[in-house]
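To start, the structure under review is shown below, and the notes come after it.
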Amino acid sequence: MRKLLGAIAAVIASVTAPAVAQTEDAYAPARAIVADIGKIVTPNGVQETFEVTLGGARQVVNVRGADRDNPLLIFVHGGPGAVEMPFAWAFQRPWEDVFTVVQYDQRGAGRSYSLNDPATLAPTMTPERYRDDAIELIELLKKRYNKRKVVLMGHSWGSIVGLSVAMKRPDLLYAYVGVGQGIDFREGERAGMAWTRAKALAAGNKEAVQAIDALAPYPQGEFTIAKADGWRKYAIPYGSLIYNKPDLKYYFQTPRLSPEYGPADIQAWGKGSEFSVTTLWPRLADVSFKPVRKIDVPLVFLLGRHDYTVPSPVAAEWFGKVQAPSKTLVWLEHSAHMPMVEEPGIFFAALLRDVLPLAKDKP
């Protein structure tokens, strides 16, 4: 699984495959405990998983909340193909007291991977199609839960989808929340490579410096996942993905206890991640929001100070220039690319303080 963004899917495979091989489902008892702890028992609560067809592709949607009258928050996962439904149990539960939270596995990813023929799906996998899938989902959920608008949160690759929705259909949103926000793919790759090279140089890691230099002229020219992986495998140990924690096992073991994901789903996660990122990455080379100077929806960016997987300085610079009805930038000082996992309390506090007040119907 070498051709996977930032070696993430390779880590997925190395961490999850042994567990599946050793036993059919060794983690079932633990998952049952987690499921019981997280069960929504409030009278007006919602806890359901269902399939929808968006843009001709079947996709899995999970909805959880203590009160269905709360605002809808739709989470657009990263990657491409890095689903976050199987991690949600570890950080999302407090959100569910104030929002009805929606996770969905995008076309070609996670539990949605096995629902569609990959060969048929591959030509449809463009940024525009993912954007329009999200719009279709918002419209569907608004009707299903009787809402006027929603809060949309995009993480990493999902932030490209989310910001695209905010540009095309601001009328659907109370606010857009960007986490690990991408702005310009080539500039982000350039900034991440430069940061990683500087770290390697300071550490005397000649192998890493030479390997990064050998990728030139990337990120110009051919835009391949192999080259993206070529520098990220050195960046992750320096904390580009998770601050001060180069060992990612604690994060990628989390899905083993997810009530939403069994062993077959975890295998589909790995296959879907490889398929999605390999198919979609070359099509992202020239995606850029740098020319955009105005967004007609409130913006909240929650950025990890140490994020160089999708470098946060690039997002912060753009955020300072763009016009919006309101703007709030929150720095999570001890986070890199996964602030909802790295600093879950501070992240949730920002949702309460900076996002929830925006999700109110106005006359």
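Residue numbering restarts at 1 in every chain; chains get A, B, ... in the order shown in the structure tokens, and ligands count up from 1 in that same order.
Neighbouring residues of Ala122 of chain A at 9 Å or closer, counting only C-alpha atoms and skipping chain neighbours under 5 positions away, are Gly108, Asp117, Phe275, Ser276, Thr279 and Leu280 of chain A.
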Store the residues picked out above in a file with C-alpha atoms, as a CSV table (one decimal), in the first residue's frame.
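Below is the file that was written, part.csv:
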chain,number,residue,atom,x,y,z
A,108,GLY,CA,-15.4,5.1,-3.0
A,117,ASP,CA,-18.4,-0.9,-8.7
A,275,PHE,CA,-8.6,3.5,-4.4
A,276,SER,CA,-9.8,7.0,-3.5
A,279,THR,CA,-7.7,7.9,-8.3
A,280,LEU,CA,-8.4,11.4,-7.1
Item to complete: Could you give me, as JSON, numbers by chain, the residues within 8 Å of Val60 of chain A, counting only C-alpha atoms and dropping anything in the same chain fewer than 6 positions from it?
Response: {"A": [49, 50, 51, 52, 104, 105, 106, 111, 112]}
Worksheet item: Within 12 Å of Gly262 of chain A, counting only C-alpha atoms, which residues qualify if same-chain residues fewer than 5 places away don't, as a list of chain:residue names?
Response: A:Thr16, A:Ala19, A:Val20, A:Glu24, A:Asp25, A:Ala26, A:Tyr27, A:Ala28, A:Pro29, A:Ala30, A:Arg31, A:Ala32, A:Pro86, A:Gly110, A:Arg111, A:Pro255, A:Arg256, A:Leu257, A:Gln267, A:Ala268, A:Trp269
Worksheet entry | Every residue of segment 198-287 of chain A that DSSP places in helix (DSSP H, G or I), as number ranges by chain | A: 198-202, 206-213, 225-238, 249-252, 254-257, 263-284
Non-local contacts of segment 76-78 of chain A (9 Å; only C-alpha atoms; under 3 positions in same chain excluded) as a tab-separated table (two decimals) with N, CA, C and O atoms, in the first residue's frame:
chain	number	residue	atom	x	y	z
A	81	GLY	N	-10.60	9.52	0.89
A	81	GLY	CA	-10.82	8.15	1.32
A	81	GLY	C	-10.57	7.88	2.78
A	81	GLY	O	-10.76	6.75	3.23
A	82	ALA	N	-10.13	8.89	3.55
A	82	ALA	CA	-9.82	8.68	4.97
A	82	ALA	C	-11.06	8.94	5.81
A	82	ALA	O	-11.24	9.99	6.41
A	83	VAL	N	-11.94	7.95	5.85
A	83	VAL	CA	-13.21	8.09	6.56
A	83	VAL	C	-12.97	8.35	8.05
A	83	VAL	O	-11.98	7.89	8.62
A	84	GLU	N	-13.90	9.07	8.67
A	84	GLU	CA	-13.74	9.39	10.09
A	84	GLU	C	-14.92	8.92	10.94
A	84	GLU	O	-14.92	9.09	12.15
A	85	MET	N	-15.87	8.26	10.30
A	85	MET	CA	-16.95	7.63	11.06
A	85	MET	C	-16.42	6.63	12.08
A	85	MET	O	-16.90	6.60	13.22
A	102	VAL	N	-23.74	14.45	11.73
A	102	VAL	CA	-23.82	13.55	10.59
A	102	VAL	C	-22.41	13.23	10.11
A	102	VAL	O	-21.62	14.13	9.83
A	103	GLN	N	-22.10	11.96	10.05
A	103	GLN	CA	-20.90	11.46	9.38
A	103	GLN	C	-21.36	10.67	8.16
A	103	GLN	O	-22.34	9.93	8.23
A	104	TYR	N	-20.64	10.82	7.05
A	104	TYR	CA	-20.96	9.96	5.90
A	104	TYR	C	-19.67	9.53	5.22
A	104	TYR	O	-18.70	10.27	5.17
A	105	ASP	N	-19.68	8.29	4.74
A	105	ASP	CA	-18.55	7.76	3.99
A	105	ASP	C	-18.74	8.12	2.52
A	105	ASP	O	-19.71	7.67	1.88
A	106	GLN	N	-17.84	8.92	1.99
A	106	GLN	CA	-17.98	9.44	0.64
A	106	GLN	C	-17.88	8.33	-0.40
A	106	GLN	O	-17.47	7.20	-0.11
A	134	ALA	N	-22.25	16.35	-1.61
A	134	ALA	CA	-22.49	16.99	-0.30
A	134	ALA	C	-23.73	17.87	-0.35
A	134	ALA	O	-24.53	17.90	0.60
A	152	LEU	N	-21.79	23.11	8.23
A	152	LEU	CA	-20.97	22.17	7.46
A	152	LEU	C	-19.53	22.28	7.94
A	152	LEU	O	-18.96	23.37	8.00
A	153	MET	N	-18.95	21.13	8.32
A	153	MET	CA	-17.56	21.08	8.76
A	153	MET	C	-16.78	20.19	7.82
A	153	MET	O	-17.13	19.03	7.60
A	154	GLY	N	-15.70	20.72	7.26
A	154	GLY	CA	-14.84	19.94	6.39
A	154	GLY	C	-13.46	19.78	7.00
A	154	GLY	O	-12.88	20.74	7.51
A	155	HIS	N	-12.94	18.54	6.98
A	155	HIS	CA	-11.62	18.27	7.52
A	155	HIS	C	-10.69	17.79	6.42
A	155	HIS	O	-11.03	16.86	5.68
A	156	SER	N	-9.51	18.44	6.29
A	156	SER	CA	-8.48	18.02	5.35
A	156	SER	C	-9.03	18.01	3.92
A	156	SER	O	-9.53	19.03	3.45
A	157	TRP	N	-8.97	16.88	3.20
A	157	TRP	CA	-9.60	16.81	1.88
A	157	TRP	C	-11.05	17.26	1.95
A	157	TRP	O	-11.56	17.95	1.07
A	158	GLY	N	-11.75	16.89	3.02
A	158	GLY	CA	-13.14	17.30	3.18
A	158	GLY	C	-13.32	18.80	3.26
A	158	GLY	O	-14.41	19.31	2.98
A	159	SER	N	-12.26	19.52	3.62
A	159	SER	CA	-12.37	20.98	3.66
A	159	SER	C	-12.40	21.57	2.25
A	159	SER	O	-12.93	22.67	2.05
A	161	VAL	N	-14.00	20.01	-0.23
A	161	VAL	CA	-15.41	19.77	-0.54
A	161	VAL	C	-16.27	20.82	0.16
A	161	VAL	O	-17.14	21.45	-0.44
A	162	GLY	N	-16.03	21.01	1.46
A	162	GLY	CA	-16.87	21.91	2.25
A	162	GLY	C	-16.81	23.35	1.80
A	162	GLY	O	-17.85	24.02	1.69
Response to the item:
One residue among A:Arg283, A:Lys233, A:Arg169, A:Arg64 is nearest to Pro123 of chain A when using only C-alpha atoms, and that residue is A:Arg283
Selection: 8 Å around Thr309 of chain A, only C-alpha atoms, excl. self and same-chain fewer than 3 positions, as an mmCIF file with N, CA and C atoms, in the first residue's frame:
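What landed in part.cif:
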data_model
loop_
_atom_site.group_PDB
_atom_site.id
_atom_site.type_symbol
_atom_site.label_atom_id
_atom_site.label_comp_id
_atom_site.auth_asym_id
_atom_site.auth_seq_id
_atom_site.Cartn_x
_atom_site.Cartn_y
_atom_site.Cartn_z
ATOM 1 N N GLY A 6 0.437 10.356 2.458
ATOM 2 C CA GLY A 6 1.108 10.507 3.731
ATOM 3 C C GLY A 6 1.328 9.199 4.447
ATOM 4 N N GLY A 192 4.661 22.170 2.884
ATOM 5 C CA GLY A 192 4.900 20.975 3.703
ATOM 6 C C GLY A 192 6.253 20.368 3.435
ATOM 7 N N ARG A 232 5.801 12.965 2.750
ATOM 8 C CA ARG A 232 4.993 12.836 3.974
ATOM 9 C C ARG A 232 5.503 11.727 4.892
ATOM 10 N N ALA A 235 7.660 13.513 7.033
ATOM 11 C CA ALA A 235 7.007 14.586 7.801
ATOM 12 C C ALA A 235 6.282 14.052 9.026
ATOM 13 N N ILE A 236 5.631 12.902 8.893
ATOM 14 C CA ILE A 236 4.825 12.371 9.989
ATOM 15 C C ILE A 236 5.650 12.138 11.259
ATOM 16 N N SER A 240 3.944 16.279 11.775
ATOM 17 C CA SER A 240 3.117 17.050 10.842
ATOM 18 C C SER A 240 1.651 16.658 10.906
ATOM 19 N N LEU A 241 1.395 15.408 11.290
ATOM 20 C CA LEU A 241 0.026 14.904 11.345
ATOM 21 C C LEU A 241 -0.540 15.003 12.756
ATOM 22 N N ALA A 336 -1.644 19.353 15.511
ATOM 23 C CA ALA A 336 -1.213 19.415 14.126
ATOM 24 C C ALA A 336 -2.458 19.270 13.245
ATOM 25 N N HIS A 337 -2.593 18.127 12.561
ATOM 26 C CA HIS A 337 -3.662 17.991 11.565
ATOM 27 C C HIS A 337 -4.942 17.381 12.126
#
Distance table requested - segment 160-236 of chain A against segment 320-334 of chain A, cut-off 10 Å, only C-alpha atoms: one row per qualifying residue with the closest atom pair and its distance in Å to one decimal, ordered by chain and rising residue number, as a tab-separated table.
residue	atom	partner	partner_atom	distance
A:Ala175	CA	A:Ser326	CA	9.2
A:Tyr176	CA	A:Lys327	CA	9.9
A:Val177	CA	A:Thr328	CA	9.5
A:Gly178	CA	A:Leu329	CA	9.5
A:Val179	CA	A:Val330	CA	9.9
With C-alpha atoms kept, could you save the residues just selected as an mmCIF file, in the first residue's frame?
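And here is the file that came out, result14.cif:
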data_model
loop_
_atom_site.group_PDB
_atom_site.id
_atom_site.type_symbol
_atom_site.label_atom_id
_atom_site.label_comp_id
_atom_site.auth_asym_id
_atom_site.auth_seq_id
_atom_site.Cartn_x
_atom_site.Cartn_y
_atom_site.Cartn_z
ATOM 1 C CA ALA A 175 -21.713 28.480 8.855
ATOM 2 C CA TYR A 176 -18.783 26.705 7.312
ATOM 3 C CA VAL A 177 -16.134 25.264 9.675
ATOM 4 C CA GLY A 178 -12.736 24.428 8.192
ATOM 5 C CA VAL A 179 -10.419 22.008 10.023
#
Discussion item. If we count only C-alpha atoms and set the cut-off at 9 Å, which residues sit around Ala316 of chain A, ignoring sequence neighbours fewer than 2 positions away in its own chain? Please answer as a count of residues only.
Written reply: 11
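The residue that comes closest to Pro291 of chain A, out of A:Met125, A:Trp95, A:Asp184, A:Asn44 and on the basis of only C-alpha atoms, is A:Asp184.
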Discussion item. Report, in Å with one decimal, the straight-line distance from atom CA of Gln92 of chain A to atom CA of Leu115 of chain A.
Written reply: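 We find that atom CA of Gln92 of chain A and atom CA of Leu115 of chain A lie 25.7 Å from each other.
The two atoms in question, atom CA of Val150 of chain A and atom CA of Leu72 of chain A, are spaced 5.1 Å apart.
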